[in-house]
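J.: The structure's right below; bear with me while I get my questions together.
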Amino acid sequence: MSAAIVEARAVRKAFGRTEALRGTSLAVGQGEVVAVTGPSGSGKSTLLLCLAGVLRPEAGEIWYDGRQLHALSEKDRTRLRRREFGLVLQFGQLVPELTAVQNVALPLLLEKHDRAAARTMATGWLERLGALDVAHALPGAMSGGEAQRVAIARALVTGPRVIFADEPTGALDTVSGEQVLSALLTTARESGATVVLVTHDNRVAASADREVVIRDGVVEPAPVIR
Amino acid sequence: MIRLALTLSRAGGWPRMLLLGSCTAVVCTLLLIVVTFARLPNSPDEVLFNLVADPGTRVGTAFATVLLTLPPLLLLYQAVRLGAAARDRRLAALRLAGATPADVRRLGVLEVGIPALAGSIAGVALYWLLRQVLGDNATHDVQFESDGYVSTYSLRLVPTSVAPQWWEALLVVLGTTVVAIAVGARASRGVVVTPLGVSRRQASAPPRPWGLLLLVAAVLMLPVAGTADSSEAVPLAIVGLAVIGVLSLASWAAYRTGRFTESRTSSAAVLLAARRLVADSRPAGRAAAAVGAIALVAGGGASLAADLLVTENDDPYYYISLGLVAAALLVALLVAIGTLAVHSVESQLDRKRSVASLAALGMSLDELESAQRWEARLVAMPIATFGVLLGSATLVPLGQLSPVALLVLLADVVIVLGLVWLAIIAAVRITRPWAVSAASAANLRTE
């Protein structure tokens with residue numbers, strides 16, 4: 001593994017009385033694709049959201065590219081997520097009122113890009129991911145696979161260094177799931193982005209460089225090396 | 001059934017029940033005041049402000065009081081929709097437990113009806129309180145001195161020598177409750193509750209500018225109002241048509257503004273706001289509708305003020321009357337802030353998954369709030385501008401287009417639009433706790 005770009009060190013996170021992470025540690029190298037697997041409720045998504053700076057752990061440290069992510073202010077973490085991270089969630093979570101091209105252009109507009117330039121880039125990414133047909137469709141009119149492709153385009157459009165994907169194929173049928181996963185990993189590897197992928201699907205995990213199993217909020221000591 | 005409805009109401013939260021009750025209380029109070037005006041003889045046995053005492057202007061005052069019920073009714077509409085998604089889930093769970101569609105409809109009626117009835121009864125108490133506050137002769141006189149003469153004006157606005165009969169009060173209480181239930185039923189229209197969940201029939205077509213027809217009718221009636229033998233009902237009908245016309249135009253204005261803006265903005269917040277309006281302009285339109293009506297009346301009032309200044313009419317009666325109108329408009333604007341705030345909360349609760357994902361993607365809370373503000377601005381500012389300019393056009397038939405008059409109107413436009421701008425900032429600001437809650441990462445995983 002190359003030098004870690006994102007790392008969790010002894011992270012603890014609880015929701016009320018439920019302790020989701022109990023001193024979890026994980027280091028992910030630059031350009032690496034890591035699958036985080038484990039049973040439901042094991043803390044996979046919580047770990048992903050902590051690594052992405054969406055959740056702040058109660059104890060432990062989150063490091064990103066030599067910076068202490070957990071110590072940054074909410075404003076700085078938000079800015080970092082916008083510029084350096086891409087996020088893909090289980091149900092896509094596209095903005096339902098925006099068309100596909102507007103959804104993909106949104107992160108660029110947040111970064112104050114010109115409307116026309118943002119639109120051109122968004123259209124380019126939709127084409128690259130085979131979702132150009134739905135460019136002007138609303139998420140409600142798309143299939144699950146199409147919505148996930150648009151969500152991946154939205155995650156990649158800013159050229160992120162790390163992509164966090166939480167069950168990106170969880171709501172899709174087998175064929176759509178494989179297509180979406182292939183699109184995500186191919187484009188991420190082409191751009192040299194690091195991918196942290198949460199899944200409970202063994203086939204999805206098998207396509208990663210490394211699989212990490214998490215159980216009861218702790219990473220199991222012997223991760224499978226591929 | 002009543003116990004279950006009460007439980008459901010409590011589950012919807014005390015703020016929602018309190019809002020429903022408060023709105024019906026205000027409406028009931030205003031209607032009781034109108035009934036009191038109606039019971040007043042031509043020569044009242046008490047000293048009242050001329051607008052109420054003079055039978056010629058009393059009808060207009062009563063009409064204006066009825067118009068004042070519109071902002072709280074619009075707020076009530078928004079309050080019924082508040083937390084609709086959670087309420088729908090509760091009703092779907094009841095259907096799963098064996099409740100029939102008729103049971104669910106009855107529960108919906110009771111859920112709004114119980115707080116509305118309580119609010120209406122509280123409205124009777126509020127009416128008696130207002131009789132004391134606004135009907136106390138000793139503390140509400142103002143004196144003016146001009147050319148050595150002292151003129152005294154009573155500011156008593158609510159008569160105390162007469163009161164509604166018990167059956168009239170009962171009718172008002174029940175009538176207000178029925179109106180609240182009807183407004184609630186309209187707010188839940190298109191919702192189909194099944195044991196497996198809730199579906200909403202989306203409005204298929206964008207809103208149409210039917211309100212323009214009412215405004216055209218109002219304009220066509222203007223020449224009739226100017227004739228010497230016209231009924232006093234004509235100006236009231238014109239005002240009524242204009243107010244309802246502006247209210248009806250709000251959703252269409254919201255849709256058109258959204259369409260116009262979405263293809264021209266480079267701002268993420270403005271794009272979000274514009275697209276939300278295009279997707280469903282009716283809730284935002286209704287929330288901002290009162291602002292348009294307030295601006296319309298403010299424009300009309302400013303026209304009259306300009307006319308008084310130009311003709312050097314220094315009769316304090318007119319200035320006090322305009323001052324009272326301004327006070328009523330400010331109260332109405334406060335209610336409108338409440339309506340905009342409730343819409344903002346409703347909007348965030350309904351979209352919490354989308355809002356949470358935007359926050360996770362890197363949209364800050366300030367930017368999310370900015371989108372909320374723009375959603376209100378894109379509706380309220382155009383409709384307020386249209387309203388205030390339309391109201392100001394009253395000056396044209398008065399024939400006083402002097403520089404002073406135009407300056408008064410310009411000042412009015414600036415003040416009205418400035419107040420609406422501030423009202424929107426206030427409305428979104430007070431809903432920040434809901435914005436924080438909607439942006440929480442916990443909403444990312446909720447179905």
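Going through the structure tokens in order, the chains are called A, B, and so on, while each chain numbers its residues from 1 and the ligands are numbered from 1 in the order shown.
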Sorted by chain and rising residue number, list the residues of chain A at most 6 Å from chain B (counting only C-alpha atoms), each with its closest atom pair and distance in Å to one decimal, as a tab-separated table.
T.:
```
residue	atom	partner	partner_atom	distance
A:Val54	CA	B:Ala360	CA	5.8
A:Thr78	CA	B:Gly362	CA	4.7
A:Arg81	CA	B:Gly362	CA	5.3
A:Arg82	CA	B:Gly362	CA	4.3
A:Val95	CA	B:Ser354	CA	5.7
A:Glu97	CA	B:Arg275	CA	5.7
A:Leu109	CA	B:Ala268	CA	5.2
A:Leu110	CA	B:Ala268	CA	5.6
A:Asp114	CA	B:Ser266	CA	5.9
A:Arg115	CA	B:Ser266	CA	4.6
```
J.: List the neighbours of Leu48 (chain A) out to 9 Å using only C-alpha atoms; skip same-chain residues closer than 4 positions along the sequence, and give me the result as a list in words.
T.: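 Final neighbour list, sorted by chain and number: Val36, Gly43, Lys44, Ala52, Gly53, Val54, Leu55, Phe164, Ala165, Asp166, Val196, Leu197 and Val198 of chain A.
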J.: Give me, please, the distance in Å between CA of Pro403 (chain B) and CA of Phe386 (chain B), quoted to one decimal.
T.: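 Atom-to-atom, CA of Pro403 (chain B) and CA of Phe386 (chain B) are spaced 21.5 Å apart.
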J.: Neighbours of Ala225 (chain B) within 12 Å (only C-alpha atoms; same-chain residues fewer than 5 positions away dropped), as a PyMOL selection string?
T.: chain B and resi 218-220+230-239+397-398
J.: Just checking: using only C-alpha atoms, which residue out of A:Glu32, A:Leu47, A:Pro160, A:Arg22 ends up closest to Ser207 (chain A)?
T.: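 Nearest to Ser207 (chain A): A:Glu32.
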J.: Would you list the contacts of Gly119 (chain B) as JSON, numbers by chain, taking every protein, DNA or RNA residue within 8 Å and counting only C-alpha atoms, but skipping same-chain residues closer than 5 positions in sequence?
T.: {"B": [20, 21, 22, 23, 24, 25]}
J.: Could you please write out, as a list in words, every residue of region 175-414 of chain B that DSSP assigns to strand (DSSP E or B)?
T.: Val191, Val192, Val193, Thr194, Gly197, Val198, Ser199 and Arg200 of chain B
J.: Which residues are close to Tyr77 (chain B), i.e. within 7 Å by only C-alpha atoms, leaving aside same-chain residues fewer than 4 positions away? Reply as a VMD selection string.
T.: chain B and resid 73 81 183 to 184 187
J.: Give me a file of those residues, with N, CA and C atoms, as a PDB file, in the first residue's frame.
T.:
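result03.pdb written:
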```
ATOM      1  N   LEU B  73     -55.612  32.833   7.451  1.00  0.00           N
ATOM      2  CA  LEU B  73     -56.108  31.630   6.774  1.00  0.00           C
ATOM      3  C   LEU B  73     -55.012  31.005   5.905  1.00  0.00           C
ATOM      4  N   ARG B  81     -50.196  21.746   6.430  1.00  0.00           N
ATOM      5  CA  ARG B  81     -49.233  20.974   5.631  1.00  0.00           C
ATOM      6  C   ARG B  81     -47.946  20.666   6.395  1.00  0.00           C
ATOM      7  N   VAL B 183     -60.174  24.349   4.825  1.00  0.00           N
ATOM      8  CA  VAL B 183     -58.822  24.732   4.390  1.00  0.00           C
ATOM      9  C   VAL B 183     -57.870  23.541   4.561  1.00  0.00           C
ATOM     10  N   GLY B 184     -58.028  22.828   5.701  1.00  0.00           N
ATOM     11  CA  GLY B 184     -57.198  21.644   5.975  1.00  0.00           C
ATOM     12  C   GLY B 184     -57.429  20.565   4.936  1.00  0.00           C
ATOM     13  N   ALA B 187     -55.741  21.469   1.833  1.00  0.00           N
ATOM     14  CA  ALA B 187     -54.286  21.299   1.925  1.00  0.00           C
ATOM     15  C   ALA B 187     -53.888  19.829   1.762  1.00  0.00           C
TER      16      ALA B 187
END
```
